[in-house]
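Heads up, protein.cif below (mmCIF, N, CA, C and O atoms and all ligand atoms):
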data_work
loop_
_atom_site.label_atom_id
_atom_site.label_comp_id
_atom_site.auth_asym_id
_atom_site.auth_seq_id
_atom_site.Cartn_x
_atom_site.Cartn_y
_atom_site.Cartn_z
N MET A 3 -230.37 53.60 -66.92
CA MET A 3 -229.88 54.74 -66.14
C MET A 3 -228.61 55.30 -66.79
O MET A 3 -227.71 54.55 -67.16
N HIS A 4 -228.54 56.61 -66.93
CA HIS A 4 -227.36 57.25 -67.48
C HIS A 4 -226.34 57.51 -66.37
O HIS A 4 -226.68 57.49 -65.19
N ILE A 5 -225.11 57.76 -66.77
CA ILE A 5 -224.04 58.06 -65.81
C ILE A 5 -224.46 59.22 -64.90
O ILE A 5 -224.26 59.18 -63.69
N HIS A 6 -225.05 60.24 -65.52
CA HIS A 6 -225.46 61.43 -64.76
C HIS A 6 -226.47 61.06 -63.65
O HIS A 6 -226.38 61.55 -62.53
N GLU A 7 -227.41 60.21 -64.00
CA GLU A 7 -228.43 59.80 -63.02
C GLU A 7 -227.80 58.96 -61.90
O GLU A 7 -228.16 59.09 -60.73
N PHE A 8 -226.88 58.08 -62.27
CA PHE A 8 -226.18 57.28 -61.26
C PHE A 8 -225.42 58.19 -60.30
O PHE A 8 -225.48 58.02 -59.08
N GLN A 9 -224.72 59.17 -60.86
CA GLN A 9 -223.95 60.09 -60.02
C GLN A 9 -224.86 60.87 -59.08
O GLN A 9 -224.55 61.07 -57.91
N LYS A 10 -226.02 61.29 -59.59
CA LYS A 10 -226.98 62.01 -58.75
C LYS A 10 -227.52 61.12 -57.63
O LYS A 10 -227.71 61.55 -56.50
N MET A 11 -227.75 59.84 -57.96
CA MET A 11 -228.22 58.90 -56.94
C MET A 11 -227.17 58.73 -55.84
O MET A 11 -227.48 58.73 -54.65
N MET A 12 -225.91 58.60 -56.25
CA MET A 12 -224.83 58.48 -55.28
C MET A 12 -224.74 59.75 -54.42
O MET A 12 -224.45 59.69 -53.23
N ARG A 13 -225.00 60.87 -55.04
CA ARG A 13 -224.98 62.15 -54.31
C ARG A 13 -226.08 62.15 -53.24
O ARG A 13 -225.84 62.53 -52.10
N ARG A 14 -227.28 61.72 -53.61
CA ARG A 14 -228.39 61.67 -52.63
C ARG A 14 -228.05 60.72 -51.48
O ARG A 14 -228.35 60.96 -50.33
N MET A 15 -227.38 59.60 -51.84
CA MET A 15 -227.10 58.56 -50.85
C MET A 15 -225.94 58.94 -49.91
O MET A 15 -226.00 58.67 -48.71
N TYR A 16 -224.89 59.55 -50.44
CA TYR A 16 -223.64 59.65 -49.68
C TYR A 16 -223.01 61.03 -49.58
O TYR A 16 -221.97 61.18 -48.94
N PHE A 17 -223.60 62.06 -50.21
CA PHE A 17 -222.86 63.33 -50.34
C PHE A 17 -222.41 63.93 -49.00
O PHE A 17 -221.28 64.41 -48.88
N GLN A 18 -223.30 63.90 -47.99
CA GLN A 18 -222.92 64.53 -46.72
C GLN A 18 -221.68 63.85 -46.13
O GLN A 18 -220.74 64.51 -45.70
N ARG A 19 -221.70 62.52 -46.14
CA ARG A 19 -220.56 61.77 -45.60
C ARG A 19 -219.31 61.96 -46.47
O ARG A 19 -218.21 62.13 -45.96
N ASP A 20 -219.51 61.94 -47.80
CA ASP A 20 -218.38 62.13 -48.73
C ASP A 20 -217.72 63.49 -48.51
O ASP A 20 -216.50 63.60 -48.49
N ARG A 21 -218.56 64.52 -48.34
CA ARG A 21 -218.02 65.87 -48.17
C ARG A 21 -217.22 65.99 -46.88
O ARG A 21 -216.16 66.60 -46.84
N ARG A 22 -217.71 65.34 -45.82
CA ARG A 22 -216.96 65.37 -44.54
C ARG A 22 -215.62 64.65 -44.67
O ARG A 22 -214.62 65.08 -44.12
N ARG A 23 -215.59 63.52 -45.41
CA ARG A 23 -214.36 62.75 -45.60
C ARG A 23 -213.37 63.54 -46.44
O ARG A 23 -212.16 63.47 -46.22
N GLY A 24 -213.88 64.26 -47.44
CA GLY A 24 -213.03 65.10 -48.28
C GLY A 24 -212.44 64.38 -49.49
O GLY A 24 -212.57 63.16 -49.63
N ILE A 25 -211.80 65.15 -50.34
CA ILE A 25 -211.27 64.63 -51.61
C ILE A 25 -210.15 63.63 -51.37
O ILE A 25 -210.16 62.54 -51.95
N ALA A 26 -209.19 63.97 -50.50
CA ALA A 26 -208.04 63.07 -50.30
C ALA A 26 -208.49 61.72 -49.74
O ALA A 26 -208.06 60.66 -50.21
N GLY A 27 -209.37 61.74 -48.73
CA GLY A 27 -209.84 60.50 -48.12
C GLY A 27 -210.68 59.67 -49.08
O GLY A 27 -210.59 58.43 -49.10
N THR A 28 -211.48 60.33 -49.88
CA THR A 28 -212.33 59.61 -50.84
C THR A 28 -211.48 59.03 -51.97
O THR A 28 -211.71 57.91 -52.42
N TYR A 29 -210.47 59.78 -52.39
CA TYR A 29 -209.54 59.25 -53.40
C TYR A 29 -208.84 57.99 -52.87
O TYR A 29 -208.67 57.01 -53.61
N GLU A 30 -208.49 58.02 -51.59
CA GLU A 30 -207.85 56.85 -50.99
C GLU A 30 -208.77 55.63 -51.02
O GLU A 30 -208.34 54.52 -51.34
N TRP A 31 -210.06 55.84 -50.72
CA TRP A 31 -211.04 54.74 -50.79
C TRP A 31 -211.12 54.21 -52.22
O TRP A 31 -211.17 53.00 -52.45
N LEU A 32 -211.14 55.13 -53.19
CA LEU A 32 -211.23 54.71 -54.60
C LEU A 32 -210.02 53.85 -54.97
O LEU A 32 -210.18 52.80 -55.60
N THR A 33 -208.83 54.26 -54.56
CA THR A 33 -207.65 53.47 -54.91
C THR A 33 -207.68 52.10 -54.23
O THR A 33 -207.25 51.10 -54.81
N ASP A 34 -208.22 52.04 -53.00
CA ASP A 34 -208.39 50.74 -52.34
C ASP A 34 -209.33 49.85 -53.14
O ASP A 34 -209.09 48.65 -53.31
N GLU A 35 -210.41 50.44 -53.63
CA GLU A 35 -211.39 49.66 -54.40
C GLU A 35 -210.80 49.18 -55.73
O GLU A 35 -211.09 48.08 -56.18
N VAL A 36 -209.98 50.01 -56.35
CA VAL A 36 -209.32 49.61 -57.61
C VAL A 36 -208.38 48.43 -57.34
O VAL A 36 -208.34 47.46 -58.12
N ARG A 37 -207.67 48.49 -56.21
CA ARG A 37 -206.79 47.37 -55.84
C ARG A 37 -207.62 46.10 -55.62
O ARG A 37 -207.25 45.02 -56.09
N GLU A 38 -208.76 46.22 -54.94
CA GLU A 38 -209.62 45.06 -54.72
C GLU A 38 -210.17 44.51 -56.04
O GLU A 38 -210.31 43.30 -56.20
N LEU A 39 -210.45 45.41 -56.99
CA LEU A 39 -210.89 44.96 -58.32
C LEU A 39 -209.78 44.15 -58.98
O LEU A 39 -210.05 43.09 -59.56
N GLY A 40 -208.56 44.61 -58.85
CA GLY A 40 -207.42 43.89 -59.41
C GLY A 40 -207.31 42.49 -58.82
O GLY A 40 -207.03 41.53 -59.53
N GLU A 41 -207.55 42.38 -57.52
CA GLU A 41 -207.50 41.06 -56.87
C GLU A 41 -208.64 40.18 -57.36
O GLU A 41 -208.46 38.99 -57.61
N ALA A 42 -209.83 40.78 -57.51
CA ALA A 42 -211.01 40.02 -57.95
C ALA A 42 -210.84 39.51 -59.38
O ALA A 42 -211.38 38.46 -59.73
N LEU A 43 -210.09 40.25 -60.21
CA LEU A 43 -209.87 39.81 -61.60
C LEU A 43 -209.15 38.46 -61.63
O LEU A 43 -209.28 37.70 -62.59
N ASN A 44 -208.40 38.18 -60.58
CA ASN A 44 -207.69 36.90 -60.51
C ASN A 44 -208.52 35.80 -59.87
O ASN A 44 -208.08 34.64 -59.86
N SER A 45 -209.68 36.15 -59.33
CA SER A 45 -210.45 35.17 -58.56
C SER A 45 -211.35 34.29 -59.42
O SER A 45 -211.76 33.22 -58.98
N ASN A 46 -211.69 34.75 -60.63
CA ASN A 46 -212.59 33.99 -61.50
C ASN A 46 -213.99 33.81 -60.91
O ASN A 46 -214.69 32.89 -61.29
N GLN A 47 -214.37 34.67 -59.97
CA GLN A 47 -215.70 34.60 -59.37
C GLN A 47 -216.50 35.80 -59.87
O GLN A 47 -216.27 36.93 -59.45
N LYS A 48 -217.44 35.53 -60.77
CA LYS A 48 -218.15 36.61 -61.46
C LYS A 48 -218.90 37.53 -60.50
O LYS A 48 -218.88 38.75 -60.65
N GLU A 49 -219.55 36.96 -59.48
CA GLU A 49 -220.32 37.79 -58.56
C GLU A 49 -219.41 38.75 -57.78
O GLU A 49 -219.74 39.92 -57.61
N GLU A 50 -218.27 38.24 -57.33
CA GLU A 50 -217.32 39.08 -56.61
C GLU A 50 -216.78 40.17 -57.54
O GLU A 50 -216.66 41.34 -57.15
N LEU A 51 -216.49 39.80 -58.78
CA LEU A 51 -215.98 40.75 -59.77
C LEU A 51 -216.99 41.86 -60.04
O LEU A 51 -216.64 43.05 -60.07
N GLU A 52 -218.26 41.48 -60.19
CA GLU A 52 -219.31 42.49 -60.41
C GLU A 52 -219.36 43.46 -59.24
O GLU A 52 -219.50 44.67 -59.43
N GLY A 53 -219.26 42.94 -58.04
CA GLY A 53 -219.30 43.78 -56.85
C GLY A 53 -218.16 44.77 -56.82
O GLY A 53 -218.34 45.94 -56.45
N GLU A 54 -216.98 44.34 -57.23
CA GLU A 54 -215.82 45.23 -57.22
C GLU A 54 -215.92 46.29 -58.31
O GLU A 54 -215.56 47.45 -58.09
N PHE A 55 -216.43 45.90 -59.49
CA PHE A 55 -216.67 46.92 -60.53
C PHE A 55 -217.66 47.96 -60.01
O PHE A 55 -217.48 49.18 -60.21
N ALA A 56 -218.71 47.50 -59.34
CA ALA A 56 -219.73 48.41 -58.80
C ALA A 56 -219.11 49.36 -57.77
O ALA A 56 -219.39 50.56 -57.76
N ASP A 57 -218.24 48.81 -56.90
CA ASP A 57 -217.61 49.66 -55.88
C ASP A 57 -216.72 50.73 -56.52
O ASP A 57 -216.72 51.88 -56.10
N VAL A 58 -215.99 50.36 -57.57
CA VAL A 58 -215.09 51.33 -58.22
C VAL A 58 -215.90 52.47 -58.82
O VAL A 58 -215.58 53.65 -58.61
N ILE A 59 -216.97 52.15 -59.54
CA ILE A 59 -217.74 53.23 -60.17
C ILE A 59 -218.47 54.06 -59.11
O ILE A 59 -218.61 55.28 -59.25
N ALA A 60 -218.88 53.42 -58.01
CA ALA A 60 -219.56 54.16 -56.93
C ALA A 60 -218.60 55.15 -56.27
O ALA A 60 -218.95 56.32 -56.06
N TRP A 61 -217.38 54.70 -55.97
CA TRP A 61 -216.41 55.61 -55.35
C TRP A 61 -215.93 56.68 -56.32
O TRP A 61 -215.66 57.81 -55.92
N LEU A 62 -215.86 56.35 -57.60
CA LEU A 62 -215.51 57.35 -58.61
C LEU A 62 -216.59 58.43 -58.65
O LEU A 62 -216.29 59.63 -58.73
N ALA A 63 -217.86 58.02 -58.58
CA ALA A 63 -218.97 58.97 -58.58
C ALA A 63 -218.92 59.84 -57.32
O ALA A 63 -219.14 61.06 -57.39
N SER A 64 -218.62 59.23 -56.16
CA SER A 64 -218.51 60.01 -54.92
C SER A 64 -217.41 61.06 -55.04
O SER A 64 -217.59 62.22 -54.66
N LEU A 65 -216.27 60.65 -55.56
CA LEU A 65 -215.15 61.57 -55.72
C LEU A 65 -215.51 62.71 -56.67
O LEU A 65 -215.22 63.88 -56.40
N ALA A 66 -216.16 62.36 -57.78
CA ALA A 66 -216.58 63.39 -58.74
C ALA A 66 -217.57 64.35 -58.10
O ALA A 66 -217.50 65.57 -58.33
N ASN A 67 -218.46 63.84 -57.26
CA ASN A 67 -219.44 64.71 -56.58
C ASN A 67 -218.75 65.75 -55.72
O ASN A 67 -219.09 66.93 -55.78
N ILE A 68 -217.78 65.33 -54.92
CA ILE A 68 -217.16 66.33 -54.05
C ILE A 68 -216.14 67.19 -54.80
O ILE A 68 -215.82 68.28 -54.35
N ALA A 69 -215.66 66.71 -55.96
CA ALA A 69 -214.74 67.53 -56.77
C ALA A 69 -215.52 68.46 -57.72
O ALA A 69 -214.92 69.28 -58.41
N GLY A 70 -216.85 68.30 -57.75
CA GLY A 70 -217.67 69.17 -58.62
C GLY A 70 -217.56 68.82 -60.09
O GLY A 70 -217.66 69.70 -60.95
N ILE A 71 -217.36 67.55 -60.38
CA ILE A 71 -217.23 67.11 -61.79
C ILE A 71 -218.46 66.30 -62.19
O ILE A 71 -218.86 65.38 -61.48
N ASP A 72 -219.05 66.65 -63.33
CA ASP A 72 -220.15 65.89 -63.91
C ASP A 72 -219.52 64.80 -64.79
O ASP A 72 -218.99 65.08 -65.86
N LEU A 73 -219.55 63.56 -64.29
CA LEU A 73 -218.85 62.46 -64.98
C LEU A 73 -219.35 62.25 -66.41
O LEU A 73 -218.55 62.00 -67.31
N GLU A 74 -220.66 62.32 -66.59
CA GLU A 74 -221.20 62.08 -67.94
C GLU A 74 -220.72 63.16 -68.91
O GLU A 74 -220.27 62.86 -70.01
N LYS A 75 -220.81 64.41 -68.46
CA LYS A 75 -220.38 65.52 -69.31
C LYS A 75 -218.88 65.39 -69.62
O LYS A 75 -218.46 65.55 -70.77
N ALA A 76 -218.09 65.08 -68.59
CA ALA A 76 -216.64 64.99 -68.77
C ALA A 76 -216.26 63.85 -69.71
O ALA A 76 -215.41 64.02 -70.60
N THR A 77 -216.90 62.69 -69.53
CA THR A 77 -216.52 61.55 -70.36
C THR A 77 -216.97 61.73 -71.80
O THR A 77 -216.23 61.42 -72.74
N LEU A 78 -218.18 62.28 -71.98
CA LEU A 78 -218.66 62.48 -73.36
C LEU A 78 -217.92 63.61 -74.06
O LEU A 78 -217.79 63.60 -75.27
N ARG A 79 -217.44 64.58 -73.29
CA ARG A 79 -216.66 65.65 -73.90
C ARG A 79 -215.34 65.09 -74.44
O ARG A 79 -214.90 65.42 -75.53
N LYS A 80 -214.73 64.19 -73.67
CA LYS A 80 -213.44 63.65 -74.09
C LYS A 80 -213.58 62.49 -75.08
O LYS A 80 -212.83 62.39 -76.05
N TYR A 81 -214.53 61.60 -74.82
CA TYR A 81 -214.72 60.41 -75.67
C TYR A 81 -216.00 60.56 -76.47
O TYR A 81 -216.97 59.86 -76.26
N ASP A 82 -216.01 61.54 -77.36
CA ASP A 82 -217.20 61.91 -78.11
C ASP A 82 -217.30 61.07 -79.38
O ASP A 82 -217.11 61.57 -80.49
N ASP A 83 -217.60 59.79 -79.22
CA ASP A 83 -217.83 58.87 -80.34
C ASP A 83 -216.60 58.69 -81.22
O ASP A 83 -216.71 58.30 -82.38
N LYS A 84 -215.44 59.05 -80.68
CA LYS A 84 -214.18 58.80 -81.38
C LYS A 84 -213.04 58.83 -80.37
O LYS A 84 -213.16 59.42 -79.31
N CYS A 85 -211.94 58.19 -80.74
CA CYS A 85 -210.77 58.18 -79.86
C CYS A 85 -210.23 59.61 -79.72
O CYS A 85 -210.05 60.30 -80.74
N PRO A 86 -209.99 60.09 -78.48
CA PRO A 86 -209.50 61.46 -78.32
C PRO A 86 -208.09 61.68 -78.87
O PRO A 86 -207.69 62.81 -79.13
N LYS A 87 -207.33 60.60 -79.08
CA LYS A 87 -205.96 60.77 -79.60
C LYS A 87 -205.93 60.79 -81.13
O LYS A 87 -205.37 61.68 -81.74
N CYS A 88 -206.55 59.76 -81.76
CA CYS A 88 -206.45 59.67 -83.22
C CYS A 88 -207.70 60.18 -83.93
O CYS A 88 -207.68 60.38 -85.14
N GLY A 89 -208.78 60.34 -83.18
CA GLY A 89 -210.01 60.88 -83.78
C GLY A 89 -210.80 59.86 -84.59
O GLY A 89 -211.70 60.24 -85.34
N HIS A 90 -210.47 58.58 -84.44
CA HIS A 90 -211.18 57.57 -85.23
C HIS A 90 -212.06 56.67 -84.35
O HIS A 90 -211.81 56.49 -83.17
N MET A 91 -213.06 56.06 -85.00
CA MET A 91 -213.90 55.03 -84.39
C MET A 91 -213.97 53.86 -85.33
O MET A 91 -214.47 54.02 -86.45
N PRO A 92 -213.43 52.66 -85.02
CA PRO A 92 -212.68 52.39 -83.80
C PRO A 92 -211.28 53.02 -83.85
O PRO A 92 -210.82 53.44 -84.92
N CYS A 93 -210.66 53.08 -82.69
CA CYS A 93 -209.33 53.68 -82.53
C CYS A 93 -208.33 53.05 -83.50
O CYS A 93 -208.32 51.84 -83.71
N LYS A 94 -207.49 53.92 -84.08
CA LYS A 94 -206.43 53.44 -84.97
C LYS A 94 -205.04 53.75 -84.42
O LYS A 94 -204.05 53.70 -85.16
N CYS A 95 -204.98 54.11 -83.14
CA CYS A 95 -203.68 54.40 -82.53
C CYS A 95 -202.80 53.14 -82.55
O CYS A 95 -203.32 52.04 -82.40
N THR A 96 -201.52 53.35 -82.71
CA THR A 96 -200.60 52.23 -82.59
C THR A 96 -199.94 52.30 -81.22
O THR A 96 -199.54 53.38 -80.78
N PHE A 97 -199.90 51.19 -80.55
CA PHE A 97 -199.31 51.17 -79.21
C PHE A 97 -198.00 50.40 -79.22
O PHE A 97 -197.81 49.49 -79.96
ZN ZN B 101 -206.90 56.19 -81.13
#

The structure given in the file should be rewritten as structure tokens.
Ligand SMILES: [Zn+2]
Amino acid sequence: MHIHEFQKMMRRMYFQRDRRRGIAGTYEWLTDEVRELGEALNSNQKEELEGEFADVIAWLASLANIAGIDLEKATLRKYDDKCPKCGHMPCKCTF
């Protein structure tokens, strides 16, 4: 499944509810899920970690749906087989 298909599936599943909640409320849910992912990273429990990664990408897709952003198009436009900063694959940026 491609990112675009996943986003469309999330749209079919949740768009009406997501639209009623709105961008600010959905962004808040996403940030809660990111925090839970951070906690799960410390738990060393793979199943819980997988669930939190899934929640983060699901809420990101919901937010993109109500913001009118095609995640696959946006990510491939920016990360087009090379680092957007240095233009190399693999990245040669110094941090
Ligand atoms: Zn780079």

- Task: Could you pull out the residues sitting within 7 Å of ligand ZN 101 (chain B), using all atoms listed in the file, and write them as a PyMOL selection string?
- Result: chain A and resi 84-90+92-96

For the residues selected in the previous step, produce a file with N, CA, C and O atoms as an mmCIF file, in the frame of the given file.
data_model
loop_
_atom_site.group_PDB
_atom_site.id
_atom_site.type_symbol
_atom_site.label_atom_id
_atom_site.label_comp_id
_atom_site.auth_asym_id
_atom_site.auth_seq_id
_atom_site.Cartn_x
_atom_site.Cartn_y
_atom_site.Cartn_z
ATOM 1 N N LYS A 84 -215.440 59.050 -80.680
ATOM 2 C CA LYS A 84 -214.180 58.800 -81.380
ATOM 3 C C LYS A 84 -213.040 58.830 -80.370
ATOM 4 O O LYS A 84 -213.160 59.420 -79.310
ATOM 5 N N CYS A 85 -211.940 58.190 -80.740
ATOM 6 C CA CYS A 85 -210.770 58.180 -79.860
ATOM 7 C C CYS A 85 -210.230 59.610 -79.720
ATOM 8 O O CYS A 85 -210.050 60.300 -80.740
ATOM 9 N N PRO A 86 -209.990 60.090 -78.480
ATOM 10 C CA PRO A 86 -209.500 61.460 -78.320
ATOM 11 C C PRO A 86 -208.090 61.680 -78.870
ATOM 12 O O PRO A 86 -207.690 62.810 -79.130
ATOM 13 N N LYS A 87 -207.330 60.600 -79.080
ATOM 14 C CA LYS A 87 -205.960 60.770 -79.600
ATOM 15 C C LYS A 87 -205.930 60.790 -81.130
ATOM 16 O O LYS A 87 -205.370 61.680 -81.740
ATOM 17 N N CYS A 88 -206.550 59.760 -81.760
ATOM 18 C CA CYS A 88 -206.450 59.670 -83.220
ATOM 19 C C CYS A 88 -207.700 60.180 -83.930
ATOM 20 O O CYS A 88 -207.680 60.380 -85.140
ATOM 21 N N GLY A 89 -208.780 60.340 -83.180
ATOM 22 C CA GLY A 89 -210.010 60.880 -83.780
ATOM 23 C C GLY A 89 -210.800 59.860 -84.590
ATOM 24 O O GLY A 89 -211.700 60.240 -85.340
ATOM 25 N N HIS A 90 -210.470 58.580 -84.440
ATOM 26 C CA HIS A 90 -211.180 57.570 -85.230
ATOM 27 C C HIS A 90 -212.060 56.670 -84.350
ATOM 28 O O HIS A 90 -211.810 56.490 -83.170
ATOM 29 N N PRO A 92 -213.430 52.660 -85.020
ATOM 30 C CA PRO A 92 -212.680 52.390 -83.800
ATOM 31 C C PRO A 92 -211.280 53.020 -83.850
ATOM 32 O O PRO A 92 -210.820 53.440 -84.920
ATOM 33 N N CYS A 93 -210.660 53.080 -82.690
ATOM 34 C CA CYS A 93 -209.330 53.680 -82.530
ATOM 35 C C CYS A 93 -208.330 53.050 -83.500
ATOM 36 O O CYS A 93 -208.320 51.840 -83.710
ATOM 37 N N LYS A 94 -207.490 53.920 -84.080
ATOM 38 C CA LYS A 94 -206.430 53.440 -84.970
ATOM 39 C C LYS A 94 -205.040 53.750 -84.420
ATOM 40 O O LYS A 94 -204.050 53.700 -85.160
ATOM 41 N N CYS A 95 -204.980 54.110 -83.140
ATOM 42 C CA CYS A 95 -203.680 54.400 -82.530
ATOM 43 C C CYS A 95 -202.800 53.140 -82.550
ATOM 44 O O CYS A 95 -203.320 52.040 -82.400
ATOM 45 N N THR A 96 -201.520 53.350 -82.710
ATOM 46 C CA THR A 96 -200.600 52.230 -82.590
ATOM 47 C C THR A 96 -199.940 52.300 -81.220
ATOM 48 O O THR A 96 -199.540 53.380 -80.780
#

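From atom CA of A:Gln47 back to atom CA of A:Gly27, the distance works out to 28.8 Å.
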
- Task: Determine, counting only N, CA, C and O atoms, which protein, DNA and RNA residues have an atom within 7 Å of an atom of A:Met12; residues of the same chain fewer than 4 positions away are not included. Present the result as a PyMOL selection string.
- Result: chain A and resi 6-8+16-18+60+63-64

Q. Using only C-alpha atoms, which residues sit within 7 Å of A:Glu54 once same-chain residues fewer than 2 positions away are excluded, as a VMD selection string?
A. chain A and resid 35 38 to 39 50 to 52 56 to 58

Axis-aligned box for all listed atoms of stretch 64-83 of chain A, 8 Å per side, centre and edges in Å to one decimal, as AutoDock Vina command-line options:
--center_x -217.0 --center_y 64.0 --center_z -68.2 --size_x 24.4 --size_y 27.4 --size_z 44.3

How many Å separate atom N of A:Met3 from atom CA of A:Ile68?
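Atom N of A:Met3 sits 22.4 Å away from atom CA of A:Ile68.
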
Next item on the list: Could you give me, as JSON, numbers by chain, each residue of chain A that DSSP assigns to helix (DSSP H, G or I) when run on this structure's backbone?
Entry: {"A": [5, 6, 7, 8, 9, 10, 11, 12, 13, 14, 15, 16, 17, 18, 19, 20, 21, 22, 23, 24, 25, 26, 27, 28, 29, 30, 31, 32, 33, 34, 35, 36, 37, 38, 39, 40, 41, 42, 43, 48, 49, 50, 51, 52, 53, 54, 55, 56, 57, 58, 59, 60, 61, 62, 63, 64, 65, 66, 67, 68, 69, 73, 74, 75, 76, 77, 78, 79, 80]}

For this session: Between atom O of A:Leu65 and atom N of A:Asp83, measure the distance and give it in Å to one decimal.
Result: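 The value is 23.3 Å.
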